[in-house]
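Reading through the C-alpha cells given below for one structure.
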Amino acid sequence: MQTQAFRSIGIGLLLTLALSGCGTEPTYKKEVVAGSLQDMLTKEGINSSVRLIEHTLAIHMDYPDSLQPSANHLSFGPAFDDVMRKSIQRIHTVALSSNADINFYVLLLSDPNNPGAYLTIVRNLDDVMRANANMFDMNEFFSRSIFEINDLGPNRKISLDQYVQRDIKLPEFLSWQLARRIQARLLDTFHESAGVEVGRCQGEYRNGQFAFRLNVAPTNQETRLNEEEIQEAFNTATGVIQEVLSSYDFKGFDSVRLIHMPTGRNLVLPKTTFIGR
C-alpha cells in the first residue's frame, strides 16, 4: 500500500515549501482556513468537506475510482494517484501557511463507486515541517504517518462529522503510530521463524500509560511460543518505543504496558526505561 502512496503523496510534500510562501502575514487566516482548502479542492474537481476541529484539520474527499475491491481486500483504484497529486500538496500548503494552531490533519478518502470503502491518512504537522527541512528521509516520514484502509460494506457510509468528532492529541497519535511500527519490526524480527506469525498489533494511551498488544503467535495452534520468542517480541517492541518517543522528545507518560496477546502475559516498564530520569 505504502509503495504507491510514496510516489503520489511525495510529490505534494516536495512542493509544499515552494508554494507556502515566507511572508510574516499568514496566507490563510484561521477563520477561513477550512473554506479556503475546500475551495481549492473543488477547483481541482474533488468533492470534499473540510472542518477545523480545535487543532485538527479534518478533510473528507469523495473521488470516483480512487479505491477498488481486489480479491478479499481493498486496494487503490486507477484514479488514486490523481486525487493524491491534486490534494496532498494543497493540504500541506494551507496547513503550513495559516495562523491556525494546527497540530494534525486527518484525510478521509472515499469512493462513490465503492460505498463503504475508505482510506484514512493521519499526519502530525510538525513531521511535515521536519520532512520539508530534510530532518529525516521519506521512508521515516511515511513511518510517522498513519495509513489505514477499511471496508464497512456497501450499506454503510461514513461522514466527516461521524469519523472525526474531536481533536487529536499527540499521545493518541503516537499510540497509533507505534502499534504499526512495532508490527512492522516484529515482522522483520520473525520473518525467518517458520513456526511464528505476526498479526495486527494494537496500541492505546490511557491515564498516563501506553499499552500495546503484540500479536505474535505460533502458526500451529496446538503449539506454544517458547520463552525466548516471547522475550524477543517484548525486546523488539521496547526498542521501537524507545526510538520513537525519543525522536518526538515525548515525556508525558508514566509507563508502558506490553501485552502478549496469545498468552495474556503483561510486561510493565517505567518511564525511565525509555527516556531516563
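In the C-alpha cells, the first chain shown is A, the next is B, and so on; residue numbers restart at 1 for each chain, and ligands run from 1 in the order shown.
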_Test item, alpha helix (DSSP H) assignment across segment 97-213 of chain A, answer as a PyMOL selection string_ = chain A and resi 125-132+138-143+160-163+170-189
*Could you find all residues in segment 34-249 of chain A that DSSP calls strand (DSSP E) from the backbone, and write them as a PyMOL selection string?*
chain A and resi 47-53+56-62+67-70+73-76+104-110+117-124+146-151+196-198+202-206+209-214+216-218
*So, counting only C-alpha atoms, which residue among A:Asp101, A:Asp62, A:Asp254, A:Glu31 is closest to Met84 of chain A?*
A:Asp62
*asked:* as number ranges by chain, please: the residues near Phe210 of chain A (cut-off 8 Å, only C-alpha atoms, same-chain neighbours under 2 positions excluded).
replied: A: 175, 203-206, 208, 212, 253, 255-257
Dump as JSON lines the rows for residues of segment 84-127 of chain A within 10 Å of segment 161-173 of chain A: closest atom pair and distance in Å with one decimal, only C-alpha atoms counted, ordered by chain and rising residue number.
```
{"residue": "A:Asn103", "atom": "CA", "partner": "A:Ile168", "partner_atom": "CA", "distance": 8.2}
{"residue": "A:Phe104", "atom": "CA", "partner": "A:Ile168", "partner_atom": "CA", "distance": 6.9}
{"residue": "A:Tyr105", "atom": "CA", "partner": "A:Ile168", "partner_atom": "CA", "distance": 8.7}
{"residue": "A:Val106", "atom": "CA", "partner": "A:Val164", "partner_atom": "CA", "distance": 8.0}
{"residue": "A:Leu107", "atom": "CA", "partner": "A:Val164", "partner_atom": "CA", "distance": 9.9}
{"residue": "A:Leu108", "atom": "CA", "partner": "A:Tyr163", "partner_atom": "CA", "distance": 8.5}
{"residue": "A:Thr120", "atom": "CA", "partner": "A:Tyr163", "partner_atom": "CA", "distance": 9.9}
{"residue": "A:Val122", "atom": "CA", "partner": "A:Phe173", "partner_atom": "CA", "distance": 8.2}
{"residue": "A:Arg123", "atom": "CA", "partner": "A:Phe173", "partner_atom": "CA", "distance": 8.5}
{"residue": "A:Asn124", "atom": "CA", "partner": "A:Phe173", "partner_atom": "CA", "distance": 8.2}
```
Would you mind listing, for every residue of segment 152-221 of chain A within 10 Å of segment 127-143 of chain A, the two atoms forming the shortest contact and the distance between them in Å to one decimal, using only C-alpha atoms, sorted by chain and ascending residue number, as a tab-separated table?
```
residue	atom	partner	partner_atom	distance
A:Gln177	CA	A:Ser143	CA	7.6
A:Leu178	CA	A:Ser143	CA	9.3
A:Arg180	CA	A:Ser143	CA	8.4
A:Arg181	CA	A:Ser143	CA	7.0
A:Ala184	CA	A:Ser143	CA	9.7
```
*Which residue, A:His191, A:Ile59, A:Thr219, A:Asn266, has the smallest gap to His92 of chain A when you use only C-alpha atoms?*
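Checking each of A:His191, A:Ile59, A:Thr219, A:Asn266 against His92 of chain A, counting only C-alpha atoms, the winner is A:Ile59.
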*Option closest in space to Val240 of chain A, from A:Arg51, A:Arg185, A:His260, A:Arg200 [counting only C-alpha atoms]*: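 That would be A:Arg185, the residue with the smallest distance to Val240 of chain A.
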I'd like a table as a tab-separated table: residues in segment 120-209 of chain A with an atom no more than 12 Å from segment 63-70 of chain A, each row giving the shortest atom pair and its distance in Å to one decimal, only C-alpha atoms counted, sorted by chain and rising residue number.
```
residue	atom	partner	partner_atom	distance
A:Thr120	CA	A:Leu67	CA	11.9
A:Ile149	CA	A:Leu67	CA	9.3
A:Asn150	CA	A:Leu67	CA	10.3
A:Asp151	CA	A:Pro69	CA	9.0
A:Gly153	CA	A:Pro69	CA	11.0
A:Pro154	CA	A:Pro69	CA	11.5
```
Please, could you write that set of residues out with C-alpha atoms as a short mmCIF file (atom, residue, chain, number, x, y, z; two decimals), in the first residue's frame?
```
data_model
loop_
_atom_site.label_atom_id
_atom_site.label_comp_id
_atom_site.auth_asym_id
_atom_site.auth_seq_id
_atom_site.Cartn_x
_atom_site.Cartn_y
_atom_site.Cartn_z
CA THR A 120 -7.53 7.25 6.33
CA ILE A 149 -7.79 1.24 4.52
CA ASN A 150 -11.16 -0.23 5.52
CA ASP A 151 -14.39 -1.52 4.03
CA GLY A 153 -19.72 -2.79 3.42
CA PRO A 154 -21.95 -1.29 0.72
#
```
*Would you mind reading off the distance between atom CA of Pro262 of chain A and atom CA of Arg224 of chain A, one decimal, in Å?*
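According to the coordinates, atom CA of Pro262 of chain A and atom CA of Arg224 of chain A are separated by 8.9 Å.
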Taking 4 positions as the minimum chain separation for residues in the same chain, which residues sit within 7 Å of Ser48 of chain A when counting only C-alpha atoms? Answer as a PDB file with C-alpha atoms, in the first residue's frame.
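Done, and the output landed in around-v1.pdb:
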```
ATOM      1  CA  GLN A  38     -12.341  23.232   0.373  1.00  0.00           C
ATOM      2  CA  LEU A  41     -10.121  21.086  -3.754  1.00  0.00           C
ATOM      3  CA  THR A  42     -13.385  21.957  -5.504  1.00  0.00           C
ATOM      4  CA  HIS A  60     -13.162  14.190   3.571  1.00  0.00           C
ATOM      5  CA  MET A  61     -12.717  13.651  -0.162  1.00  0.00           C
ATOM      6  CA  ASP A  62     -15.084  11.559  -2.282  1.00  0.00           C
TER       7      ASP A  62
END
```
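With only C-alpha atoms as the atoms that count, the minimum distance from Ile121 of chain A to the choices A:Thr93, A:Ser247, A:Val33, A:Trp176 is reached by A:Trp176.
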